[in-house]
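Visitor: The structure file input.tsv (TSV, C-alpha atoms) is provided below.
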```tsv
chain	number	residue	atom	x	y	z
A	1	MET	CA	84.10	127.04	197.30
A	2	ASP	CA	82.19	130.17	198.18
A	3	ALA	CA	79.54	131.72	195.96
A	4	ALA	CA	81.66	134.75	195.13
A	5	SER	CA	84.19	132.52	193.41
A	6	ASN	CA	81.60	131.08	191.02
A	7	GLY	CA	82.21	133.77	188.43
A	8	PHE	CA	84.90	134.56	185.92
A	9	THR	CA	87.79	135.30	188.26
A	10	PRO	CA	91.11	134.45	186.61
A	11	HIS	CA	93.76	133.00	188.88
A	12	ARG	CA	97.34	133.59	187.75
A	13	VAL	CA	99.99	130.83	187.78
A	14	ASP	CA	103.55	132.15	187.73
A	15	PRO	CA	105.61	130.45	185.01
A	16	GLY	CA	108.14	128.11	186.55
A	17	ARG	CA	107.09	128.95	190.09
A	18	PRO	CA	103.66	127.45	190.84
A	19	SER	CA	102.72	127.96	194.49
A	20	ASP	CA	101.05	125.42	196.75
A	21	SER	CA	97.74	127.21	196.27
A	22	ASP	CA	98.24	127.08	192.46
A	23	ARG	CA	98.65	123.33	192.66
A	24	THR	CA	95.69	122.88	194.99
A	25	LEU	CA	93.38	124.90	192.75
A	26	TYR	CA	94.69	123.09	189.66
A	27	GLN	CA	93.98	119.70	191.24
A	28	TRP	CA	90.49	120.84	192.23
A	29	ILE	CA	89.75	122.11	188.71
A	30	ASN	CA	91.25	119.03	187.14
A	31	GLY	CA	88.91	116.94	189.29
A	32	ARG	CA	86.05	118.60	187.45
A	33	THR	CA	86.97	116.73	184.28
A	34	ALA	CA	84.97	113.55	183.88
A	35	LYS	CA	87.31	110.70	182.96
A	36	GLY	CA	86.84	107.13	181.90
A	37	VAL	CA	88.67	104.64	184.12
A	38	ALA	CA	90.99	101.90	182.84
A	39	VAL	CA	93.58	99.47	184.12
A	40	VAL	CA	97.00	99.52	182.50
A	41	SER	CA	98.91	96.26	182.78
A	42	CYS	CA	102.10	94.69	181.57
A	43	ARG	CA	104.14	91.57	182.19
A	44	LEU	CA	107.84	91.74	182.88
A	45	ARG	CA	110.18	88.90	183.90
A	46	GLY	CA	107.18	86.70	184.74
A	47	ARG	CA	105.57	89.26	187.01
A	48	ASP	CA	102.35	91.24	186.51
A	49	TYR	CA	102.20	94.99	186.93
A	50	ALA	CA	98.85	96.77	186.91
A	51	ALA	CA	97.42	100.13	187.97
A	52	THR	CA	94.20	102.08	187.68
A	53	VAL	CA	94.54	105.06	185.35
A	54	THR	CA	92.39	107.87	183.97
A	55	ASP	CA	94.91	109.84	181.91
A	56	PHE	CA	94.86	108.17	178.54
A	57	LEU	CA	93.43	109.02	175.15
A	58	SER	CA	93.13	107.87	171.57
A	59	VAL	CA	95.63	109.67	169.35
A	60	SER	CA	94.79	108.28	165.93
A	61	TYR	CA	92.66	105.78	164.07
A	62	ASP	CA	95.28	105.21	161.38
A	63	PRO	CA	97.14	103.38	162.65
A	64	PRO	CA	95.15	102.83	165.87
A	65	THR	CA	97.32	104.65	168.42
A	66	MET	CA	96.84	105.55	172.07
A	67	LEU	CA	98.66	107.66	174.63
A	68	LEU	CA	98.98	107.09	178.36
A	69	SER	CA	100.39	109.48	180.96
A	70	LEU	CA	102.09	107.94	184.00
A	71	TYR	CA	103.94	109.45	186.94
A	72	SER	CA	107.57	108.93	185.93
A	73	LEU	CA	108.76	107.67	189.32
A	74	SER	CA	106.04	105.03	189.65
A	75	ARG	CA	106.76	101.32	189.36
A	76	ILE	CA	104.08	100.97	186.70
A	77	ALA	CA	105.76	103.64	184.53
A	78	GLU	CA	109.11	101.88	184.78
A	79	ALA	CA	107.54	98.51	184.02
A	80	VAL	CA	105.48	99.73	181.05
A	81	VAL	CA	108.46	101.50	179.49
A	82	GLU	CA	110.78	98.53	180.03
A	83	SER	CA	108.24	95.96	178.83
A	84	GLY	CA	107.31	97.83	175.65
A	85	VAL	CA	104.02	95.91	175.52
A	86	TRP	CA	101.03	96.92	177.63
A	87	ALA	CA	97.28	96.65	177.80
A	88	LEU	CA	94.42	98.96	178.68
A	89	SER	CA	91.19	97.45	180.04
A	90	LEU	CA	88.31	99.95	179.91
A	91	LEU	CA	86.47	99.38	183.17
A	92	ALA	CA	82.72	98.93	183.47
A	93	ALA	CA	80.65	100.59	186.21
A	94	GLU	CA	80.61	97.21	187.97
A	95	ASN	CA	84.44	97.15	188.18
A	96	THR	CA	84.73	99.63	191.08
A	97	ALA	CA	86.36	97.04	193.34
A	98	VAL	CA	89.06	96.38	190.74
A	99	ALA	CA	89.66	100.10	190.30
A	100	ASP	CA	90.08	100.46	194.07
A	101	ALA	CA	92.32	97.43	194.40
A	102	LEU	CA	94.74	98.68	191.73
A	103	SER	CA	94.80	102.32	192.87
A	104	GLU	CA	97.30	101.80	195.69
A	105	PRO	CA	100.75	102.82	194.46
A	106	GLY	CA	102.41	100.99	197.33
A	107	ALA	CA	100.52	97.71	196.99
A	108	PRO	CA	102.79	94.65	196.99
A	109	LEU	CA	103.43	93.28	193.51
A	110	ILE	CA	103.43	89.67	194.70
A	111	ALA	CA	99.99	88.22	194.00
A	112	LEU	CA	98.79	91.63	192.78
A	113	LEU	CA	96.16	90.09	190.54
A	114	ASP	CA	95.16	87.13	192.74
A	115	ASN	CA	91.89	88.82	193.63
A	116	VAL	CA	91.31	90.48	190.26
A	117	PRO	CA	89.59	88.19	187.73
A	118	HIS	CA	91.54	88.46	184.51
A	119	GLU	CA	92.38	86.76	181.25
A	120	ARG	CA	95.29	86.99	178.86
A	121	ARG	CA	95.98	86.21	175.24
A	122	ARG	CA	99.14	84.23	175.91
A	123	ASP	CA	101.18	83.41	179.02
A	124	SER	CA	103.55	86.29	178.33
A	125	SER	CA	100.77	88.79	177.48
A	126	PRO	CA	99.53	91.55	179.77
A	127	ALA	CA	96.47	90.76	181.90
A	128	ILE	CA	93.03	91.93	180.73
A	129	VAL	CA	90.46	92.61	183.45
A	130	SER	CA	87.49	90.25	183.12
A	131	GLY	CA	84.25	92.13	182.56
A	132	ALA	CA	85.96	95.20	181.13
A	133	LEU	CA	83.95	96.96	178.41
A	134	ALA	CA	86.77	96.58	175.92
A	135	TRP	CA	90.55	96.26	175.85
A	136	PHE	CA	93.62	97.08	173.81
A	137	GLU	CA	97.06	95.47	173.74
A	138	LEU	CA	99.66	97.96	172.55
A	139	GLU	CA	103.31	98.17	171.56
A	140	THR	CA	105.19	101.30	172.55
A	141	THR	CA	106.25	103.48	169.61
A	142	ALA	CA	107.36	106.65	171.44
A	143	VAL	CA	108.07	107.87	174.97
A	144	HIS	CA	108.11	111.57	175.92
A	145	GLU	CA	109.06	112.99	179.30
A	146	VAL	CA	106.93	116.02	180.25
A	147	ALA	CA	107.40	117.65	183.65
A	148	THR	CA	106.79	114.93	186.28
A	149	HIS	CA	105.19	112.46	183.89
A	150	THR	CA	106.05	110.01	181.12
A	151	LEU	CA	103.86	110.00	178.02
A	152	VAL	CA	103.80	106.53	176.49
A	153	VAL	CA	102.51	106.33	172.92
A	154	GLY	CA	101.58	102.89	171.62
A	155	GLU	CA	100.08	101.28	168.55
A	156	VAL	CA	97.26	98.80	169.02
A	157	ARG	CA	98.30	95.25	168.08
A	158	TRP	CA	95.29	93.42	169.54
A	159	MET	CA	91.94	94.55	170.83
A	160	GLY	CA	88.62	93.09	171.92
A	161	ARG	CA	85.12	93.82	173.06
A	162	GLY	CA	83.97	92.86	176.52
A	163	GLY	CA	80.87	93.26	178.68
A	164	ALA	CA	77.72	95.17	177.77
A	165	GLY	CA	77.36	97.49	180.80
A	166	GLY	CA	78.05	101.19	181.15
A	167	PRO	CA	81.44	102.75	181.86
A	168	LEU	CA	83.07	103.58	185.18
A	169	VAL	CA	83.73	107.33	185.40
A	170	ARG	CA	85.98	109.32	187.74
A	171	TYR	CA	84.76	112.78	188.75
A	172	GLU	CA	85.67	114.95	191.74
A	173	SER	CA	87.74	112.09	193.21
A	174	GLU	CA	84.79	109.69	193.19
A	175	TYR	CA	83.68	106.80	191.02
A	176	ARG	CA	80.47	107.60	189.19
A	177	ARG	CA	78.30	106.10	186.49
A	178	LEU	CA	76.38	107.62	183.59
A	179	GLU	CA	72.72	108.52	183.84
A	180	SER	CA	70.81	105.98	181.76
B	181	MET	CA	77.37	93.45	168.26
B	182	ASP	CA	76.23	89.85	168.58
B	183	ALA	CA	76.27	87.90	171.82
B	184	ALA	CA	79.02	85.55	170.64
B	185	SER	CA	81.43	88.48	170.43
B	186	ASN	CA	80.89	89.46	174.05
B	187	GLY	CA	83.73	87.27	175.24
B	188	PHE	CA	87.48	87.41	175.20
B	189	THR	CA	88.08	87.20	171.45
B	190	PRO	CA	91.30	88.99	170.50
B	191	HIS	CA	91.24	90.82	167.19
B	192	ARG	CA	94.64	91.25	165.54
B	193	VAL	CA	95.76	94.56	164.00
B	194	ASP	CA	98.60	94.18	161.50
B	195	PRO	CA	101.46	96.59	162.27
B	196	GLY	CA	101.60	99.31	159.66
B	197	ARG	CA	98.67	97.90	157.69
B	198	PRO	CA	95.42	98.42	159.61
B	199	SER	CA	92.42	97.36	157.52
B	200	ASP	CA	89.11	99.19	157.25
B	201	SER	CA	87.58	96.69	159.67
B	202	ASP	CA	90.46	97.28	162.13
B	203	ARG	CA	89.71	101.00	162.09
B	204	THR	CA	85.96	100.47	162.42
B	205	LEU	CA	86.37	98.17	165.42
B	206	TYR	CA	88.90	100.53	166.98
B	207	GLN	CA	86.53	103.47	166.65
B	208	TRP	CA	83.72	101.42	168.17
B	209	ILE	CA	85.89	100.35	171.10
B	210	ASN	CA	87.23	103.85	171.55
B	211	GLY	CA	83.63	105.07	171.76
B	212	ARG	CA	83.30	102.93	174.88
B	213	THR	CA	85.64	105.27	176.75
B	214	ALA	CA	83.72	107.89	178.71
B	215	LYS	CA	85.27	111.31	178.07
B	216	GLY	CA	84.78	114.74	179.52
B	217	VAL	CA	83.93	117.37	176.91
B	218	ALA	CA	85.74	120.70	176.55
B	219	VAL	CA	86.06	123.56	174.10
B	220	VAL	CA	89.53	124.52	172.95
B	221	SER	CA	89.87	128.11	171.78
B	222	CYS	CA	92.52	130.52	170.66
B	223	ARG	CA	92.73	133.98	169.13
B	224	LEU	CA	94.88	134.67	166.12
B	225	ARG	CA	95.10	137.87	164.07
B	226	GLY	CA	91.93	139.17	165.68
B	227	ARG	CA	89.89	136.07	164.89
B	228	ASP	CA	88.49	133.43	167.24
B	229	TYR	CA	89.03	129.73	166.66
B	230	ALA	CA	87.16	127.18	168.77
B	231	ALA	CA	86.28	123.49	168.61
B	232	THR	CA	84.72	120.85	170.82
B	233	VAL	CA	87.28	118.29	172.00
B	234	THR	CA	87.41	115.19	174.17
B	235	ASP	CA	91.03	114.11	173.78
B	236	PHE	CA	92.87	116.05	176.45
B	237	LEU	CA	94.40	115.20	179.82
B	238	SER	CA	96.32	116.59	182.74
B	239	VAL	CA	100.01	115.69	182.50
B	240	SER	CA	101.39	117.16	185.67
B	241	TYR	CA	100.56	119.23	188.74
B	242	ASP	CA	104.05	120.68	188.97
B	243	PRO	CA	104.03	122.80	186.95
B	244	PRO	CA	100.33	122.51	186.01
B	245	THR	CA	100.56	121.03	182.51
B	246	MET	CA	97.98	119.70	180.09
B	247	LEU	CA	98.02	117.85	176.79
B	248	LEU	CA	95.58	118.11	173.90
B	249	SER	CA	95.41	115.90	170.82
B	250	LEU	CA	94.14	117.52	167.60
B	251	TYR	CA	93.81	116.21	164.05
B	252	SER	CA	96.88	117.70	162.39
B	253	LEU	CA	95.11	118.88	159.23
B	254	SER	CA	92.34	120.73	161.08
B	255	ARG	CA	92.12	124.52	161.18
B	256	ILE	CA	91.97	124.44	164.96
B	257	ALA	CA	95.26	122.51	165.15
B	258	GLU	CA	97.00	125.00	162.87
B	259	ALA	CA	95.57	127.94	164.82
B	260	VAL	CA	96.46	126.55	168.27
B	261	VAL	CA	100.02	125.73	167.21
B	262	GLU	CA	100.53	129.12	165.55
B	263	SER	CA	98.94	131.10	168.38
B	264	GLY	CA	100.91	129.38	171.15
B	265	VAL	CA	98.24	130.42	173.66
B	266	TRP	CA	94.99	128.50	174.02
B	267	ALA	CA	92.20	127.81	176.48
B	268	LEU	CA	90.20	124.79	177.56
B	269	SER	CA	86.66	125.33	178.90
B	270	LEU	CA	85.37	122.21	180.69
B	271	LEU	CA	81.74	121.98	179.61
B	272	ALA	CA	78.83	121.46	181.96
B	273	ALA	CA	75.96	119.07	181.20
B	274	GLU	CA	73.90	122.15	180.28
B	275	ASN	CA	76.41	123.15	177.55
B	276	THR	CA	75.25	120.55	175.01
B	277	ALA	CA	74.21	123.22	172.48
B	278	VAL	CA	77.68	124.78	172.63
B	279	ALA	CA	79.31	121.38	172.17
B	280	ASP	CA	77.14	120.75	169.11
B	281	ALA	CA	77.72	124.21	167.65
B	282	LEU	CA	81.52	123.85	167.84
B	283	SER	CA	81.68	120.25	166.61
B	284	GLU	CA	81.37	121.09	162.90
B	285	PRO	CA	84.85	121.08	161.36
B	286	GLY	CA	83.59	123.00	158.31
B	287	ALA	CA	81.70	125.72	160.17
B	288	PRO	CA	82.54	129.24	158.94
B	289	LEU	CA	84.99	131.04	161.19
B	290	ILE	CA	83.30	134.40	160.69
B	291	ALA	CA	81.03	135.04	163.66
B	292	LEU	CA	81.88	131.55	165.02
B	293	LEU	CA	81.18	132.61	168.60
B	294	ASP	CA	78.27	135.00	167.96
B	295	ASN	CA	75.81	132.48	169.36
B	296	VAL	CA	78.11	131.06	172.04
B	297	PRO	CA	78.04	133.09	175.27
B	298	HIS	CA	81.65	133.61	176.28
B	299	GLU	CA	84.03	135.80	178.27
B	300	ARG	CA	87.71	136.53	178.01
B	301	ARG	CA	90.45	137.81	180.25
B	302	ARG	CA	91.68	140.45	177.82
B	303	ASP	CA	90.79	141.43	174.24
B	304	SER	CA	93.62	139.29	172.86
B	305	SER	CA	92.89	136.30	175.13
B	306	PRO	CA	91.16	133.10	174.02
B	307	ALA	CA	87.41	132.88	174.63
B	308	ILE	CA	86.10	131.03	177.69
B	309	VAL	CA	82.64	129.46	177.38
B	310	SER	CA	80.22	131.04	179.87
B	311	GLY	CA	78.82	128.49	182.27
B	312	ALA	CA	81.74	126.08	181.86
B	313	LEU	CA	82.63	124.16	185.03
B	314	ALA	CA	86.18	125.48	184.97
B	315	TRP	CA	88.76	126.72	182.50
B	316	PHE	CA	92.47	126.89	181.82
B	317	GLU	CA	94.51	129.29	179.71
B	318	LEU	CA	97.74	127.67	178.57
B	319	GLU	CA	100.98	128.46	176.81
B	320	THR	CA	102.39	125.81	174.50
B	321	THR	CA	105.65	124.26	175.72
B	322	ALA	CA	105.97	121.30	173.31
B	323	VAL	CA	104.39	119.95	170.14
B	324	HIS	CA	104.68	116.30	169.07
B	325	GLU	CA	103.41	114.82	165.82
B	326	VAL	CA	102.03	111.29	166.26
B	327	ALA	CA	100.45	109.50	163.30
B	328	THR	CA	97.58	111.70	162.06
B	329	HIS	CA	97.49	113.94	165.14
B	330	THR	CA	99.35	116.78	166.81
B	331	LEU	CA	99.92	116.56	170.56
B	332	VAL	CA	100.07	120.03	172.06
B	333	VAL	CA	101.53	120.27	175.55
B	334	GLY	CA	100.91	123.47	177.46
B	335	GLU	CA	101.56	124.96	180.87
B	336	VAL	CA	98.68	126.61	182.69
B	337	ARG	CA	99.14	130.39	183.02
B	338	TRP	CA	95.62	131.27	184.17
B	339	MET	CA	92.70	129.22	185.40
B	340	GLY	CA	89.30	129.69	186.98
B	341	ARG	CA	86.29	128.00	188.46
B	342	GLY	CA	82.91	128.30	186.81
B	343	GLY	CA	79.39	126.94	187.28
B	344	ALA	CA	78.29	124.42	189.89
B	345	GLY	CA	76.56	121.80	187.69
B	346	GLY	CA	77.72	118.36	186.60
B	347	PRO	CA	79.98	117.62	183.63
B	348	LEU	CA	79.07	116.91	180.03
B	349	VAL	CA	80.30	113.43	179.05
B	350	ARG	CA	80.76	111.84	175.62
B	351	TYR	CA	80.10	108.10	175.38
B	352	GLU	CA	79.23	105.94	172.36
B	353	SER	CA	78.97	109.06	170.16
B	354	GLU	CA	76.34	110.65	172.41
B	355	TYR	CA	76.33	113.36	175.04
B	356	ARG	CA	75.54	111.98	178.46
B	357	ARG	CA	75.51	113.17	182.05
B	358	LEU	CA	76.50	111.52	185.32
B	359	GLU	CA	74.03	109.73	187.54
B	360	SER	CA	73.48	111.91	190.60
```
I need this file expressed as structure tokens, please.
Guide:
Amino acid sequence: MDAASNGFTPHRVDPGRPSDSDRTLYQWINGRTAKGVAVVSCRLRGRDYAATVTDFLSVSYDPPTMLLSLYSLSRIAEAVVESGVWALSLLAAENTAVADALSEPGAPLIALLDNVPHERRRDSSPAIVSGALAWFELETTAVHEVATHTLVVGEVRWMGRGGAGGPLVRYESEYRRLES
Amino acid sequence: MDAASNGFTPHRVDPGRPSDSDRTLYQWINGRTAKGVAVVSCRLRGRDYAATVTDFLSVSYDPPTMLLSLYSLSRIAEAVVESGVWALSLLAAENTAVADALSEPGAPLIALLDNVPHERRRDSSPAIVSGALAWFELETTAVHEVATHTLVVGEVRWMGRGGAGGPLVRYESEYRRLES
């Protein structure tokens, strides 16, 4: 990005007709949002599904409610919606390898979690990444389709605290950690 | 938090009847999610509304779409929904004073932005915080009520790049910056 562009220069996006350059600039700008990193997981017909995500947020404390945005055509979106029960593991700075391992949309599902240390509440429960800072197990209460993505809203049914380290953060397409 | 609790100890939340301790633990766990910090702003009947927020995310690249969660009973939620046009300024690590100034829900609206350096595209446009890393101006396309909060979905109509610094991050109720 050249110096001249570092000022207040509005870039227009045409409603309904974003161009390739609109999308490229949007992705670049969006990369300048620091985001906590989590793993979403669910269990469906005896198989584990899991993926690294950054687009989630807390909606409400009463009742404890979270929202997760997933690309609608992804396997993890289909699995989470069909399962109705899912977990979020908030990754610690030390969990970079897990974040990388579960970031491949095309990774084979067979043995997906063989190399990811995890625990679970019951056999049928979603996997929780070992060493995560904290985790939630949620039950879906609403699903909204927005553009290319599925917004899954869920109420927390179980939760727990994990390790004591700092959080893993995603910024400008890289994993980062907080200054201590 | 004592050492004994640093393991995998699921805490149950009763559906529909979260207790005070459920909410306290949830807020503590939620604080362990690193979040980028932004200012949402809008202009309504000649007056500026602005508030510091952390609960927003990118929903889609095509068309560029974002989602913001606001406490339904807040003035900023009412103003954003009524205005239909709003902006997000992604704050830089150097913007801590702005984040603090716009974090007071009861702050008087008169002269709200007098001490916050800002720019705007047109007189009727929402304010953009000067020195922000980047910004979006959005038009609301959907509003969903979920528990105590309002989810506002908007398509990006204008956007821009700002300063070159690192992002401001919220973690465990404190402002932090990334390790360089």
Visitor: Neighbours of Arg17 (chain A) within 9 Å (all atoms listed in the file; same-chain residues fewer than 3 positions away dropped), as a list in words?
Guide: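 Listing them by chain and then by number gives Val13 and Asp14 of chain A; Asp242 and Pro243 of chain B.
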Visitor: Contacts between chain B and chain A, please, where a residue of chain A counts if it comes within 7 Å (with only C-alpha atoms); show its shortest atom pair and distance in Å to one decimal, rows by chain and ascending number, as CSV.
Guide:
```
residue,atom,partner,partner_atom,distance
A:Asn6,CA,B:Gly342,CA,5.2
A:Gly7,CA,B:Gly342,CA,5.7
A:Phe8,CA,B:Gly342,CA,6.6
A:Thr9,CA,B:Gly340,CA,5.9
A:Pro10,CA,B:Gly340,CA,5.1
A:His11,CA,B:Met339,CA,5.2
A:Arg12,CA,B:Trp338,CA,4.6
A:Val13,CA,B:Arg337,CA,4.9
A:Asp14,CA,B:Arg337,CA,6.7
A:Pro15,CA,B:Arg337,CA,6.8
A:Gly16,CA,B:Pro243,CA,6.7
A:Pro18,CA,B:Pro243,CA,6.1
A:Arg23,CA,B:Tyr241,CA,6.0
A:Tyr26,CA,B:Pro244,CA,6.7
A:Ile29,CA,B:Ala314,CA,6.2
A:Arg32,CA,B:Leu313,CA,7.0
A:Thr33,CA,B:Gly216,CA,5.6
A:Ala34,CA,B:Gly216,CA,4.5
A:Lys35,CA,B:Lys215,CA,5.3
A:Gly36,CA,B:Ala214,CA,4.5
A:Asp55,CA,B:Leu237,CA,5.8
A:Leu57,CA,B:Asp235,CA,5.8
A:Ser58,CA,B:Asp235,CA,6.9
A:Val59,CA,B:His329,CA,6.3
A:Ser60,CA,B:Thr328,CA,5.9
A:Tyr61,CA,B:Arg203,CA,6.0
A:Asp62,CA,B:Thr328,CA,6.9
A:Pro63,CA,B:Pro198,CA,6.1
A:Pro64,CA,B:Tyr206,CA,6.8
A:Ser69,CA,B:Val239,CA,6.4
A:Leu90,CA,B:Thr213,CA,6.7
A:Leu133,CA,B:Arg212,CA,7.0
A:Ala134,CA,B:Ile209,CA,6.2
A:Ala147,CA,B:Ser240,CA,6.4
A:Thr148,CA,B:Ser240,CA,5.9
A:His149,CA,B:Val239,CA,6.3
A:Val156,CA,B:Val193,CA,6.7
A:Arg157,CA,B:Val193,CA,4.9
A:Trp158,CA,B:Arg192,CA,4.6
A:Met159,CA,B:His191,CA,5.3
A:Gly160,CA,B:Pro190,CA,5.1
A:Arg161,CA,B:Asn186,CA,6.2
A:Gly162,CA,B:Asn186,CA,5.2
A:Gly163,CA,B:Asn186,CA,6.0
A:Pro167,CA,B:Ala214,CA,6.4
A:Val169,CA,B:Ala214,CA,6.7
A:Arg176,CA,B:Leu358,CA,6.8
A:Arg177,CA,B:Glu359,CA,5.7
A:Leu178,CA,B:Leu358,CA,4.3
A:Glu179,CA,B:Glu359,CA,4.1
```
Visitor: Might I get the box with edges along x, y and z of the file that holds all atoms of region 274-282 of chain B listed there, padded by 8 Å on every side, given as centre and edge lengths in Å to one decimal, as JSON?
Guide:
```
{"center_x": 77.7, "center_y": 122.7, "center_z": 174.0, "size_x": 23.6, "size_y": 20.2, "size_z": 28.6}
```
Visitor: In the coordinates of the file, take the point (85.8, 94.2, 193.2) and a cut-off of 12 Å; then, counting all atoms listed in the file, name each qualifying protein, DNA or RNA residue as a ChimeraX atom specification.
Guide: /A:91-102,113-118,129-131
Visitor: B:Val332, B:Ala231, B:Leu289, B:Cys222: which is nearest Ser263 (chain B), counting only C-alpha atoms?
Guide: B:Cys222
Visitor: Smallest atom-to-atom distance to Ala287 (chain B): which of B:Ser269, B:Ser254, B:Ser305, B:Ser353, using all atoms listed in the file?
Guide: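 For Ala287 (chain B), the nearest of the given residues is B:Ser254.
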Visitor: In Å, with one decimal, what is the gap from CA of Val85 (chain A) to CA of Leu253 (chain B)?
Guide: 29.5 Å
Visitor: One decimal, in Å: what's the spacing between CA of Val81 (chain A) and CA of Val261 (chain B)?
Guide: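 We find that CA of Val81 (chain A) and CA of Val261 (chain B) lie 28.4 Å from each other.
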Visitor: Using all atoms listed in the file, which of the listed residues (A:Pro126, A:Gly165, A:Glu174, A:Glu104) sits closest to Leu44 (chain A)?
Guide: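 Among A:Pro126, A:Gly165, A:Glu174, A:Glu104, it is A:Pro126 that comes nearest to Leu44 (chain A).
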Visitor: Using all atoms listed in the file, which residue out of B:Ser201, B:Ser304, B:Ser252, B:Ser283 lies closest to Asp228 (chain B)?
Guide: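 The answer is B:Ser304, which sits nearest to Asp228 (chain B).
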Visitor: Would you kindly place N, CA and C atoms on region 137-155 of chain A and return the model as a PDB file, in the coordinates of the input?
Guide:
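This went into out-v3.pdb:
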```pdb
ATOM      1  N   GLU A 137      95.678  95.843 173.425  1.00  0.00           N
ATOM      2  CA  GLU A 137      97.060  95.470 173.740  1.00  0.00           C
ATOM      3  C   GLU A 137      97.931  96.276 172.787  1.00  0.00           C
ATOM      4  N   LEU A 138      98.914  96.996 173.344  1.00  0.00           N
ATOM      5  CA  LEU A 138      99.660  97.960 172.550  1.00  0.00           C
ATOM      6  C   LEU A 138     101.162  97.723 172.611  1.00  0.00           C
ATOM      7  N   GLU A 139     101.854  98.212 171.595  1.00  0.00           N
ATOM      8  CA  GLU A 139     103.310  98.170 171.560  1.00  0.00           C
ATOM      9  C   GLU A 139     103.801  99.606 171.547  1.00  0.00           C
ATOM     10  N   THR A 140     104.712  99.915 172.434  1.00  0.00           N
ATOM     11  CA  THR A 140     105.190 101.300 172.550  1.00  0.00           C
ATOM     12  C   THR A 140     105.912 101.731 171.277  1.00  0.00           C
ATOM     13  N   THR A 141     105.564 102.937 170.792  1.00  0.00           N
ATOM     14  CA  THR A 141     106.250 103.480 169.610  1.00  0.00           C
ATOM     15  C   THR A 141     106.991 104.777 169.931  1.00  0.00           C
ATOM     16  N   ALA A 142     106.657 105.418 171.053  1.00  0.00           N
ATOM     17  CA  ALA A 142     107.360 106.650 171.440  1.00  0.00           C
ATOM     18  C   ALA A 142     107.160 106.892 172.931  1.00  0.00           C
ATOM     19  N   VAL A 143     108.148 107.500 173.552  1.00  0.00           N
ATOM     20  CA  VAL A 143     108.070 107.870 174.970  1.00  0.00           C
ATOM     21  C   VAL A 143     108.547 109.319 175.088  1.00  0.00           C
ATOM     22  N   HIS A 144     107.734 110.162 175.715  1.00  0.00           N
ATOM     23  CA  HIS A 144     108.110 111.570 175.920  1.00  0.00           C
ATOM     24  C   HIS A 144     108.041 111.889 177.402  1.00  0.00           C
ATOM     25  N   GLU A 145     109.089 112.528 177.909  1.00  0.00           N
ATOM     26  CA  GLU A 145     109.060 112.990 179.300  1.00  0.00           C
ATOM     27  C   GLU A 145     108.520 114.416 179.318  1.00  0.00           C
ATOM     28  N   VAL A 146     107.497 114.673 180.117  1.00  0.00           N
ATOM     29  CA  VAL A 146     106.930 116.020 180.250  1.00  0.00           C
ATOM     30  C   VAL A 146     106.734 116.317 181.726  1.00  0.00           C
ATOM     31  N   ALA A 147     107.470 117.301 182.230  1.00  0.00           N
ATOM     32  CA  ALA A 147     107.400 117.650 183.650  1.00  0.00           C
ATOM     33  C   ALA A 147     107.568 116.374 184.477  1.00  0.00           C
ATOM     34  N   THR A 148     106.637 116.078 185.378  1.00  0.00           N
ATOM     35  CA  THR A 148     106.790 114.930 186.280  1.00  0.00           C
ATOM     36  C   THR A 148     106.323 113.614 185.670  1.00  0.00           C
ATOM     37  N   HIS A 149     105.842 113.649 184.430  1.00  0.00           N
ATOM     38  CA  HIS A 149     105.190 112.460 183.890  1.00  0.00           C
ATOM     39  C   HIS A 149     105.854 111.934 182.605  1.00  0.00           C
ATOM     40  N   THR A 150     105.585 110.666 182.331  1.00  0.00           N
ATOM     41  CA  THR A 150     106.050 110.010 181.120  1.00  0.00           C
ATOM     42  C   THR A 150     104.845 109.745 180.223  1.00  0.00           C
ATOM     43  N   LEU A 151     104.919 110.264 179.005  1.00  0.00           N
ATOM     44  CA  LEU A 151     103.860 110.000 178.020  1.00  0.00           C
ATOM     45  C   LEU A 151     104.289 108.798 177.192  1.00  0.00           C
ATOM     46  N   VAL A 152     103.501 107.734 177.246  1.00  0.00           N
ATOM     47  CA  VAL A 152     103.800 106.530 176.490  1.00  0.00           C
ATOM     48  C   VAL A 152     102.816 106.446 175.330  1.00  0.00           C
ATOM     49  N   VAL A 153     103.350 106.449 174.114  1.00  0.00           N
ATOM     50  CA  VAL A 153     102.510 106.330 172.920  1.00  0.00           C
ATOM     51  C   VAL A 153     102.646 104.903 172.410  1.00  0.00           C
ATOM     52  N   GLY A 154     101.518 104.268 172.102  1.00  0.00           N
ATOM     53  CA  GLY A 154     101.580 102.890 171.620  1.00  0.00           C
ATOM     54  C   GLY A 154     100.598 102.627 170.496  1.00  0.00           C
ATOM     55  N   GLU A 155     100.987 101.710 169.611  1.00  0.00           N
ATOM     56  CA  GLU A 155     100.080 101.280 168.550  1.00  0.00           C
ATOM     57  C   GLU A 155      99.355 100.015 168.989  1.00  0.00           C
TER      58      GLU A 155
END
```
